[in-house]
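S.K.: Hey, dropping input_6.csv in here, CSV, C-alpha atoms:
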chain,number,residue,atom,x,y,z
A,413,MET,CA,-58.2,52.7,37.2
A,414,ARG,CA,-55.4,53.3,39.6
A,415,ALA,CA,-57.0,50.9,42.1
A,416,ASP,CA,-57.2,48.2,39.4
A,417,ARG,CA,-53.6,48.7,38.4
A,418,SER,CA,-52.6,48.4,42.1
A,419,SER,CA,-54.6,45.2,42.5
A,420,ASN,CA,-53.1,43.7,39.4
A,421,THR,CA,-49.6,44.5,40.6
A,422,ARG,CA,-50.2,42.9,44.0
A,423,GLY,CA,-51.6,39.9,42.2
A,424,ARG,CA,-48.5,39.5,40.0
A,425,MET,CA,-46.3,40.0,43.1
A,426,MET,CA,-48.1,37.3,45.0
A,427,SER,CA,-47.9,34.9,42.0
A,428,CYS,CA,-44.2,35.6,41.7
A,429,ASP,CA,-43.8,34.9,45.4
A,430,ARG,CA,-45.7,31.6,45.1
A,431,SER,CA,-43.6,30.6,42.1
A,432,ALA,CA,-40.4,31.5,43.9
A,433,ALA,CA,-41.5,29.5,47.0
A,434,ILE,CA,-42.3,26.4,44.9
A,435,LEU,CA,-39.0,26.7,43.0
A,436,SER,CA,-37.1,27.0,46.3
A,437,ARG,CA,-38.9,23.9,47.7
A,438,MET,CA,-38.1,21.9,44.6
A,439,LEU,CA,-34.4,22.9,44.7
A,440,THR,CA,-34.3,21.9,48.4
A,441,HIS,CA,-35.9,18.5,47.6
A,442,THR,CA,-33.4,18.0,44.7
A,443,TRP,CA,-30.4,18.8,47.0
A,444,ASP,CA,-31.7,16.5,49.8
A,445,ILE,CA,-32.2,13.6,47.4
A,446,LEU,CA,-28.8,14.2,45.9
A,447,CYS,CA,-27.1,14.3,49.3
A,448,ASP,CA,-28.9,11.1,50.3
A,449,SER,CA,-27.7,9.2,47.2
A,450,ALA,CA,-24.4,10.6,46.0
A,451,VAL,CA,-22.0,8.8,48.2
A,452,PHE,CA,-23.6,5.4,47.5
A,453,VAL,CA,-23.7,6.1,43.7
A,454,LEU,CA,-19.9,6.9,43.8
A,455,VAL,CA,-19.2,3.7,45.7
A,456,GLY,CA,-21.2,1.8,43.1
A,457,PHE,CA,-19.2,3.3,40.3
A,458,PHE,CA,-16.0,2.3,42.1
A,459,ILE,CA,-17.1,-1.3,42.5
A,460,ALA,CA,-18.3,-1.4,38.9
A,461,GLY,CA,-14.7,-0.5,37.9
A,462,VAL,CA,-13.3,-3.3,40.0
A,463,LEU,CA,-15.9,-5.7,38.4
A,464,ASP,CA,-14.6,-4.6,34.9
A,465,ILE,CA,-11.2,-6.1,35.9
A,466,VAL,CA,-12.7,-9.3,37.3
A,467,MET,CA,-15.1,-10.0,34.5
A,468,SER,CA,-12.9,-9.2,31.5
A,469,GLY,CA,-11.8,-12.7,30.6
A,470,GLY,CA,-13.2,-15.0,27.9
A,471,TRP,CA,-14.5,-17.4,30.6
A,472,VAL,CA,-17.7,-15.4,30.7
A,473,THR,CA,-18.7,-16.4,27.2
A,474,ARG,CA,-17.5,-20.0,27.6
A,475,PHE,CA,-19.7,-20.7,30.6
A,476,LEU,CA,-22.9,-19.2,29.0
A,477,SER,CA,-23.1,-21.8,26.1
A,478,GLY,CA,-25.3,-24.8,26.3
A,479,ALA,CA,-29.1,-25.0,27.0
A,480,LYS,CA,-28.7,-26.0,30.6
A,481,ALA,CA,-29.9,-24.4,33.8
A,482,ARG,CA,-26.2,-23.7,34.7
A,483,SER,CA,-25.7,-21.3,31.9
A,484,VAL,CA,-29.0,-19.5,32.7
A,485,VAL,CA,-28.0,-19.1,36.4
A,486,LEU,CA,-24.5,-17.9,35.5
A,487,ALA,CA,-25.8,-15.4,33.0
A,488,THR,CA,-28.2,-14.0,35.7
A,489,LEU,CA,-25.4,-13.7,38.3
A,490,ILE,CA,-23.0,-12.1,35.8
A,491,GLY,CA,-25.7,-9.6,34.7
A,492,VAL,CA,-26.9,-8.5,38.2
A,493,PRO,CA,-23.9,-6.3,39.2
A,494,LEU,CA,-23.3,-4.8,35.7
A,495,PRO,CA,-24.4,-1.1,35.4
A,496,LEU,CA,-26.0,-1.3,31.9
A,497,CYS,CA,-29.4,0.0,31.0
A,498,SER,CA,-32.0,-1.7,28.7
A,499,CYS,CA,-30.5,-0.1,25.6
A,500,SER,CA,-26.8,-0.4,26.3
A,501,VAL,CA,-27.2,-4.0,27.4
A,502,LEU,CA,-28.5,-5.0,23.9
A,503,PRO,CA,-25.2,-4.9,22.0
A,504,THR,CA,-23.5,-6.8,24.8
A,505,ALA,CA,-26.2,-9.5,24.9
A,506,ILE,CA,-26.2,-9.8,21.1
A,507,THR,CA,-22.4,-10.2,21.1
A,508,LEU,CA,-22.6,-12.9,23.8
A,509,ARG,CA,-25.2,-14.7,21.6
A,510,LYS,CA,-23.0,-14.5,18.5
A,511,GLN,CA,-20.1,-15.9,20.6
A,512,GLY,CA,-22.0,-18.9,21.6
A,513,ALA,CA,-24.2,-18.1,24.6
A,514,SER,CA,-27.5,-20.0,24.6
A,515,ARG,CA,-30.8,-18.3,23.9
A,516,GLY,CA,-31.9,-18.9,27.5
A,517,ALA,CA,-28.6,-17.5,28.9
A,518,THR,CA,-28.9,-14.5,26.6
A,519,LEU,CA,-32.4,-13.7,27.7
A,520,SER,CA,-31.5,-14.1,31.4
A,521,PHE,CA,-28.6,-11.6,30.9
A,522,LEU,CA,-30.9,-9.2,29.1
A,523,ILE,CA,-33.3,-9.1,32.1
A,524,SER,CA,-31.0,-9.2,35.1
A,525,THR,CA,-28.5,-6.6,33.8
A,526,PRO,CA,-30.8,-3.6,33.4
A,527,GLU,CA,-33.2,-4.5,36.2
A,528,THR,CA,-30.4,-4.0,38.8
A,529,SER,CA,-26.7,-3.1,39.1
A,530,VAL,CA,-24.2,-2.6,41.7
A,531,THR,CA,-24.8,1.2,41.6
A,532,SER,CA,-28.6,0.8,41.8
A,533,VAL,CA,-28.3,-1.6,44.8
A,534,PHE,CA,-26.3,1.0,46.7
A,535,LEU,CA,-28.7,3.7,45.6
A,536,THR,CA,-31.7,1.6,46.6
A,537,TYR,CA,-30.2,1.1,50.1
A,538,ALA,CA,-29.6,4.9,50.4
A,539,LEU,CA,-33.1,6.0,49.3
A,540,LEU,CA,-35.4,3.0,50.1
A,541,GLY,CA,-33.6,1.2,52.9
A,542,PRO,CA,-32.2,-2.3,53.3
A,543,VAL,CA,-35.4,-4.2,52.7
A,544,MET,CA,-35.8,-3.0,49.1
A,545,ALA,CA,-32.0,-3.2,48.6
A,546,ILE,CA,-32.3,-6.9,49.2
A,547,VAL,CA,-35.6,-7.6,47.6
A,548,ARG,CA,-34.8,-5.8,44.3
A,549,PRO,CA,-31.8,-7.9,43.2
A,550,ILE,CA,-33.5,-11.1,44.4
A,551,ALA,CA,-36.6,-10.3,42.3
A,552,ALA,CA,-34.3,-9.5,39.3
A,553,CYS,CA,-32.6,-12.9,39.7
A,554,ILE,CA,-36.0,-14.7,39.9
A,555,THR,CA,-37.3,-13.0,36.8
A,556,ALA,CA,-34.1,-13.6,34.8
A,557,ILE,CA,-33.8,-17.3,35.7
A,558,ALA,CA,-37.5,-17.9,35.1
A,559,ALA,CA,-37.3,-16.3,31.6
A,560,GLY,CA,-34.1,-18.2,30.7
A,561,LEU,CA,-35.5,-21.6,31.8
A,562,ALA,CA,-38.8,-20.9,30.0
A,563,GLU,CA,-36.9,-20.0,26.8
A,564,ASN,CA,-34.9,-23.2,26.9
A,565,ALA,CA,-38.0,-25.3,27.7
A,566,VAL,CA,-40.0,-23.7,24.9
A,567,SER,CA,-37.1,-24.2,22.5
A,568,ARG,CA,-36.9,-27.9,23.3
A,569,ARG,CA,-40.7,-28.2,23.1
A,570,PHE,CA,-41.0,-26.7,19.6
A,571,GLY,CA,-38.0,-28.6,18.2
A,572,ALA,CA,-35.4,-25.9,18.1
A,573,ALA,CA,-31.9,-27.1,17.3
A,574,PRO,CA,-30.1,-28.2,20.5
A,575,GLU,CA,-27.2,-26.1,21.6
A,576,ALA,CA,-24.2,-28.1,22.5
A,577,ASP,CA,-22.5,-27.6,25.8
A,578,ALA,CA,-19.1,-26.1,25.5
A,579,THR,CA,-16.3,-26.6,28.0
A,580,PRO,CA,-13.1,-24.6,28.4
A,581,ALA,CA,-11.2,-27.5,26.9
A,582,ASP,CA,-13.4,-28.1,23.9
A,583,SER,CA,-10.6,-29.2,21.5
A,584,THR,CA,-12.9,-30.0,18.6
A,585,THR,CA,-14.3,-26.5,18.5
A,586,GLU,CA,-10.8,-25.0,18.7
A,587,ALA,CA,-9.5,-27.3,16.0
A,588,ALA,CA,-12.4,-26.3,13.6
A,589,ALA,CA,-11.9,-22.6,14.0
A,590,PRO,CA,-9.4,-20.9,11.7
A,591,ALA,CA,-6.2,-19.6,13.3
A,592,GLY,CA,-6.7,-16.4,15.1
A,593,GLU,CA,-10.5,-16.8,15.1
A,594,SER,CA,-11.7,-18.1,18.4
A,595,ASP,CA,-15.1,-18.0,19.9
A,596,CYS,CA,-13.7,-16.6,23.1
A,597,CYS,CA,-14.2,-12.8,23.5
A,598,CYS,CA,-10.8,-12.3,25.1
A,599,SER,CA,-8.7,-15.3,26.0
A,600,CYS,CA,-9.1,-19.0,25.7
A,601,SER,CA,-7.9,-21.8,28.0
A,602,GLY,CA,-4.2,-21.5,28.6
A,603,GLU,CA,-3.9,-18.0,27.2
A,604,THR,CA,-3.6,-14.6,28.9
A,605,SER,CA,-5.4,-11.5,27.6
A,606,PRO,CA,-3.4,-8.3,27.1
A,607,ASP,CA,-5.2,-6.7,30.1
A,608,GLU,CA,-4.1,-9.6,32.3
A,609,GLN,CA,-0.5,-9.1,31.3
A,610,LYS,CA,-0.5,-5.4,32.4
A,611,PRO,CA,0.8,-4.4,35.8
A,612,ALA,CA,-1.9,-4.3,38.6
A,613,ARG,CA,-1.5,-0.5,38.8
A,614,SER,CA,-2.1,-0.1,35.1
A,615,ARG,CA,-5.2,-2.3,35.2
A,616,PHE,CA,-6.6,-0.5,38.2
A,617,GLY,CA,-6.2,2.8,36.5
A,618,LYS,CA,-7.9,1.5,33.4
A,619,ALA,CA,-10.8,0.2,35.6
A,620,MET,CA,-11.2,3.6,37.3
A,621,ARG,CA,-11.2,5.3,33.9
A,622,PHE,CA,-13.9,2.9,32.8
A,623,ALA,CA,-15.9,3.6,36.0
A,624,PHE,CA,-15.6,7.4,36.3
A,625,VAL,CA,-15.2,8.4,32.7
A,626,ASP,CA,-16.8,5.9,30.3
A,627,LEU,CA,-19.5,4.5,32.6
A,628,PHE,CA,-20.0,7.8,34.4
A,629,ASP,CA,-20.6,9.6,31.1
A,630,ASP,CA,-23.2,7.1,30.1
A,631,ILE,CA,-25.2,7.0,33.4
A,632,ILE,CA,-24.8,10.3,35.2
A,633,GLY,CA,-27.3,12.2,33.0
A,634,TRP,CA,-30.0,9.6,33.8
A,635,VAL,CA,-29.2,9.6,37.5
A,636,LEU,CA,-29.5,13.4,37.7
A,637,LEU,CA,-32.7,13.3,35.6
A,638,GLY,CA,-34.2,10.8,38.0
A,639,VAL,CA,-33.3,13.0,41.0
A,640,VAL,CA,-34.9,16.1,39.3
A,641,VAL,CA,-38.1,14.1,38.4
A,642,ALA,CA,-38.3,12.8,41.9
A,643,ALA,CA,-37.9,16.3,43.4
A,644,ALA,CA,-40.6,17.6,41.0
A,645,LEU,CA,-43.0,14.8,42.1
A,646,GLN,CA,-42.3,15.5,45.7
A,647,THR,CA,-43.0,19.2,45.2
A,648,TRP,CA,-46.1,19.1,43.0
A,649,LEU,CA,-47.7,15.7,43.6
A,650,PRO,CA,-50.1,15.7,46.6
A,651,PRO,CA,-50.1,12.4,48.5
A,652,GLU,CA,-53.8,12.0,48.2
A,653,VAL,CA,-53.6,11.8,44.4
A,654,LEU,CA,-52.0,8.4,44.3
A,655,THR,CA,-54.3,6.8,46.8
A,656,ARG,CA,-57.4,8.3,45.1
A,657,PHE,CA,-56.5,7.5,41.4
A,658,LEU,CA,-54.4,4.4,41.6
A,659,GLY,CA,-56.9,2.5,43.7
A,660,GLY,CA,-56.0,-0.8,45.4
A,661,SER,CA,-52.7,-2.7,45.5
A,662,LEU,CA,-53.1,-4.8,42.4
A,663,GLN,CA,-54.6,-2.0,40.3
A,664,SER,CA,-51.7,0.3,41.1
A,665,MET,CA,-49.3,-2.5,40.1
A,666,LEU,CA,-51.0,-3.0,36.7
A,667,ILE,CA,-50.8,0.8,36.2
A,668,MET,CA,-47.1,0.7,36.9
A,669,VAL,CA,-46.7,-2.1,34.4
A,670,LEU,CA,-48.4,0.0,31.7
A,671,ILE,CA,-46.2,2.9,32.6
A,672,GLY,CA,-43.0,0.9,32.8
A,673,ILE,CA,-43.1,-1.1,29.6
A,674,PRO,CA,-42.8,1.8,27.1
A,675,LEU,CA,-40.8,4.0,29.5
A,676,TYR,CA,-37.0,4.4,29.0
A,677,VAL,CA,-35.5,4.7,32.4
A,678,CYS,CA,-32.4,3.1,33.8
A,679,ALA,CA,-32.2,1.3,37.2
A,680,GLU,CA,-30.4,4.3,38.8
A,681,ALA,CA,-32.9,6.9,37.5
A,682,SER,CA,-36.0,4.9,38.6
A,683,THR,CA,-34.8,4.6,42.2
A,684,PRO,CA,-35.4,8.1,43.4
A,685,ILE,CA,-38.7,8.3,41.5
A,686,ALA,CA,-39.9,5.1,43.3
A,687,ALA,CA,-38.7,6.5,46.6
A,688,VAL,CA,-40.7,9.7,46.3
A,689,LEU,CA,-43.8,7.8,45.0
A,690,ILE,CA,-43.7,5.6,48.2
A,691,MET,CA,-43.4,8.8,50.3
A,692,GLN,CA,-46.4,10.2,48.5
A,693,GLY,CA,-48.6,7.1,49.2
A,694,LEU,CA,-47.8,4.5,46.5
A,695,ASN,CA,-47.7,1.0,48.0
A,696,PRO,CA,-44.2,-0.7,48.0
A,697,GLY,CA,-45.3,-3.5,45.8
A,698,ALA,CA,-46.3,-1.2,43.0
A,699,ALA,CA,-43.0,0.8,43.4
A,700,LEU,CA,-41.1,-2.5,43.1
A,701,VAL,CA,-43.0,-3.3,39.9
A,702,LEU,CA,-41.9,0.0,38.4
A,703,LEU,CA,-38.3,-0.7,39.5
A,704,LEU,CA,-38.4,-4.1,37.7
A,705,VAL,CA,-40.4,-3.4,34.6
A,706,GLY,CA,-39.2,0.2,33.8
A,707,PRO,CA,-35.5,-0.5,33.5
A,708,ALA,CA,-35.9,-3.9,31.8
A,709,THR,CA,-38.2,-2.8,28.9
A,710,ASN,CA,-38.7,0.0,26.4
A,711,ILE,CA,-40.1,0.3,22.9
A,712,GLY,CA,-36.7,0.5,21.3
A,713,SER,CA,-35.2,-2.5,23.0
A,714,LEU,CA,-38.2,-4.6,22.2
A,715,GLY,CA,-37.8,-3.9,18.5
A,716,VAL,CA,-34.1,-4.9,18.5
A,717,LEU,CA,-34.9,-8.0,20.5
A,718,HIS,CA,-37.6,-9.0,18.1
A,719,ARG,CA,-35.2,-8.6,15.2
A,720,HIS,CA,-32.4,-10.7,16.7
A,721,LEU,CA,-34.1,-13.3,18.8
A,722,GLY,CA,-37.6,-13.5,17.3
A,723,ARG,CA,-41.3,-12.9,18.3
A,724,ARG,CA,-41.5,-15.9,20.6
A,725,THR,CA,-38.6,-14.8,22.7
A,726,VAL,CA,-40.0,-11.3,23.0
A,727,GLY,CA,-43.3,-12.9,24.2
A,728,ILE,CA,-41.4,-14.9,26.8
A,729,TYR,CA,-39.4,-11.9,27.8
A,730,LEU,CA,-42.4,-9.6,28.4
A,731,ALA,CA,-44.6,-12.3,30.0
A,732,THR,CA,-42.0,-13.4,32.5
A,733,ILE,CA,-41.1,-9.8,33.5
A,734,ILE,CA,-44.8,-8.8,34.0
A,735,VAL,CA,-45.9,-12.0,35.8
A,736,VAL,CA,-42.9,-12.2,38.2
A,737,ALA,CA,-43.0,-8.4,38.9
A,738,LEU,CA,-46.7,-8.7,39.9
A,739,ALA,CA,-46.1,-11.8,42.0
A,740,VAL,CA,-43.1,-10.3,43.8
A,741,GLY,CA,-45.0,-7.0,44.3
A,742,CYS,CA,-47.9,-8.8,45.9
A,743,ALA,CA,-45.6,-10.9,48.0
A,744,LEU,CA,-43.8,-7.8,49.2
A,745,ASN,CA,-47.0,-6.0,50.2
A,746,ALA,CA,-48.2,-9.1,52.0
A,747,ALA,CA,-44.9,-9.5,53.9
A,748,LEU,CA,-44.8,-5.9,54.9
A,749,ALA,CA,-48.4,-5.9,56.1
A,750,GLY,CA,-47.9,-9.1,58.1
A,751,ALA,CA,-44.8,-7.6,59.7
A,752,ASP,CA,-46.5,-4.3,60.6
A,753,PHE,CA,-43.7,-2.5,58.8
A,754,ARG,CA,-44.2,0.8,56.9
A,755,LEU,CA,-41.6,1.2,54.2
A,756,ALA,CA,-42.5,4.8,53.8
A,757,ASP,CA,-41.1,5.5,57.3
A,758,HIS,CA,-37.7,4.3,56.1
A,759,VAL,CA,-37.5,6.0,52.8
A,760,MET,CA,-34.6,8.5,52.5
A,761,HIS,CA,-33.5,7.9,56.2
A,762,GLU,CA,-30.2,6.2,55.7
A,763,PRO,CA,-28.4,6.4,59.1
A,764,LEU,CA,-24.9,5.1,58.5
A,765,ALA,CA,-23.3,7.9,56.5
A,766,PRO,CA,-22.9,11.1,58.4
A,767,GLN,CA,-24.3,14.3,57.0
A,768,TRP,CA,-20.9,15.8,56.2
A,769,LEU,CA,-20.0,12.8,54.1
A,770,LYS,CA,-23.3,12.9,52.2
A,771,THR,CA,-22.9,16.6,51.5
A,772,GLY,CA,-19.3,16.1,50.3
A,773,GLY,CA,-20.4,13.2,48.1
A,774,ALA,CA,-23.1,15.4,46.5
A,775,VAL,CA,-20.5,18.1,45.8
A,776,VAL,CA,-18.0,15.6,44.3
A,777,MET,CA,-20.7,14.1,42.1
A,778,LEU,CA,-21.8,17.5,40.8
A,779,LEU,CA,-18.1,18.3,40.1
A,780,LEU,CA,-17.7,15.0,38.2
A,781,ALA,CA,-20.9,15.7,36.3
A,782,ALA,CA,-19.7,19.2,35.3
A,783,VAL,CA,-16.4,17.6,34.1
A,784,SER,CA,-18.3,15.0,32.2
A,785,LEU,CA,-20.5,17.6,30.5
A,786,TRP,CA,-17.4,19.6,29.6
A,787,ARG,CA,-15.7,16.4,28.3
A,788,ARG,CA,-18.6,15.5,26.1
A,789,THR,CA,-19.6,18.9,24.7
A,790,MET,CA,-16.2,20.7,24.2
A,791,PRO,CA,-15.1,18.5,21.2
A,792,ARG,CA,-18.3,19.3,19.5
A,793,VAL,CA,-18.0,23.0,20.2
A,794,VAL,CA,-14.3,23.0,19.0
A,795,GLY,CA,-15.3,21.1,15.9
A,796,TRP,CA,-18.1,23.4,15.1
A,797,PHE,CA,-15.9,26.5,15.4
A,798,GLY,CA,-13.1,24.7,13.5
A,799,GLU,CA,-15.3,24.0,10.5
A,800,LYS,CA,-14.2,26.0,7.4
A,801,GLN,CA,-16.9,28.3,6.3
A,802,PRO,CA,-17.8,28.1,2.6
A,803,ALA,CA,-16.3,30.9,0.4
Would you encode the structure as structure tokens?

M.R.:
Amino acid sequence: MRADRSSNTRGRMMSCDRSAAILSRMLTHTWDILCDSAVFVLVGFFIAGVLDIVMSGGWVTRFLSGAKARSVVLATLIGVPLPLCSCSVLPTAITLRKQGASRGATLSFLISTPETSVTSVFLTYALLGPVMAIVRPIAACITAIAAGLAENAVSRRFGAAPEADATPADSTTEAAAPAGESDCCCSCSGETSPDEQKPARSRFGKAMRFAFVDLFDDIIGWVLLGVVVAAALQTWLPPEVLTRFLGGSLQSMLIMVLIGIPLYVCAEASTPIAAVLIMQGLNPGAALVLLLVGPATNIGSLGVLHRHLGRRTVGIYLATIIVVALAVGCALNAALAGADFRLADHVMHEPLAPQWLKTGGAVVMLLLAAVSLWRRTMPRVVGWFGEKQPA
């Protein structure tokens, strides 16, 4: 009996030691990924704040009207740097549509915005290297432009009402609108928005508040979740599993499509996950497919899109994302194989930022995340304690 109890005790101690070792390994992986990415994420937030100043005028909406290729290309280029996920981009896109943006331009904006952003490009460079940092936004642009042009072509083919081209000086439209009710979201030609009338220092402060308060609160939870999931995959997923069960290049891409369509993951959160999957043996093309399909689609956004733009547009939206993602993924694999270049050797090996800067960036981002959590939870806690209890 005594020997059995001693054996059981040793077994429990060994199990605890193994669990502690695994937990320690996961925490180490989490910290390493956070250090590699934090500085670049913070730089991305800063640039997003600057873009909020630059892109705050009504010219954005005015140039997206009309069913021409120009509006589709402009909508794509406007959407690429914006750090909005597939759910938060929906109200923005619907607002643009109501303010006169064409269906093709709206669809291009809906694809290019969540597939990439200024923060995700910097994060992609940090974790996946310059090749993926260049290929990812280019693939997003190709997908968005193809979808927008396809939507405009199908609309013309099936007799949809043509959408007139609007110009900044469209006096007829302005005359028809009641006083004080303009189609421009901020300012029209010859007018200055309230933000533009403010001093530069005030506008810069507003931009930084947008970047490191409003936008930071929306995104940071997903970024940290992506880091933790990536660390868990690196800890528990053996490299041979991916090569054994995902099969060849095209098969693994199709599996990433099936995983990515219903999945809700923003461009920032998907990046560390893709980096770890490449390290564990996933081919770069399949990882790129996940980076394109995952942020652009999820079940909730498809339902809203169906309600506001119709079944045909949803079909064009999904078909274009899937076809272009698979084509670009295959092209990337072929290019890397032809160049005798292994992307896995360059994952999480960013050489420009010194280690002290990466560590400082990780500490700053964790502090900002703690402040964000406090800012979002304290009003609820105070409100809960402040409620009057029934007599």

S.K.: Give me the residues near Ala517 of chain A as JSON, numbers by chain, where near means some atom within 7 Å (using all atoms listed in the file) and where sequence neighbours in that chain fewer than 4 positions away do not count.

M.R.: {"A": [476, 483, 484, 487, 513, 521, 560]}

S.K.: How many Å separate atom CA of Leu561 of chain A from atom CA of Ser664 of chain A?

M.R.: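 Pair atom CA of Leu561 of chain A / atom CA of Ser664 of chain A returns 28.8 Å.
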
S.K.: Give me the residues within 12 Å of segment 611-620 of chain A as number ranges by chain, counting all atoms listed in the file and dropping any in the same chain fewer than 6 places off.

M.R.: A: 454-468, 605, 626-628

S.K.: Leaving out segment 437-446 of chain A and any residue of its chain fewer than 3 positions from it, which residues lie within 12 Å of it when counting only C-alpha atoms, given as a count of residues only?

M.R.: 50

S.K.: May I have the residues within 10 Å of Leu721 of chain A as an NGL selection string, using all atoms listed in the file and disregarding those fewer than 5 positions away in the same chain?

M.R.: :A and (506 or 509 or 515 or 518-519 or 716 or 726)

S.K.: For the atom pair atom CA of Leu785 of chain A and atom CA of Val625 of chain A, what is the interatomic distance in Å to one decimal place?

M.R.: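 That distance, rounded to one decimal, is 10.8 Å.
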
S.K.: At what distance in Å, to one decimal, does atom CA of Asp629 of chain A lie from atom CA of Thr488 of chain A?

M.R.: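 Computed distance, atom CA of Thr488 of chain A to atom CA of Asp629 of chain A, equals 25.2 Å.
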
S.K.: Extract, using all atoms listed in the file, all DNA, RNA and protein residues at most 10 Å from Thr709 of chain A, discarding same-chain residues fewer than 2 positions from it, and format them as a PyMOL selection string.

M.R.: chain A and resi 497-499+522-523+526-527+672-678+704-707+711-714+729-730+733

S.K.: For Ala565 of chain A, which residue among A:Thr725, A:Gln692, A:Ser532, A:Ser682 is the nearest when counting only C-alpha atoms?

M.R.: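 Closest residue, counting only C-alpha atoms: A:Thr725.
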
S.K.: Quick one: of A:Thr732, A:Ser436, A:Asn745, A:Gln663, who's nearest to Pro696 of chain A, counting only C-alpha atoms?

M.R.: A:Asn745

S.K.: Go through A:Leu502, A:Leu703, A:Glu680, A:Leu670 and flag the residue nearest Gly633 of chain A, using only C-alpha atoms for the distances.

M.R.: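 For Gly633 of chain A, the nearest of the given residues is A:Glu680.
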
S.K.: Under the rule that all atoms listed in the file are counted, which of A:Cys428, A:Leu654, A:Ala749, A:Leu494 is the nearest residue to Leu694 of chain A?

M.R.: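 Nearest to Leu694 of chain A: A:Leu654.
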
S.K.: Could you check the closest approach to Gly541 of chain A for each of A:Gly715, A:Gly512, A:Asp448, A:Val736 and tell me which residue wins, using only C-alpha atoms?

M.R.: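 Using only C-alpha atoms, the shortest distance to Gly541 of chain A belongs to A:Asp448.
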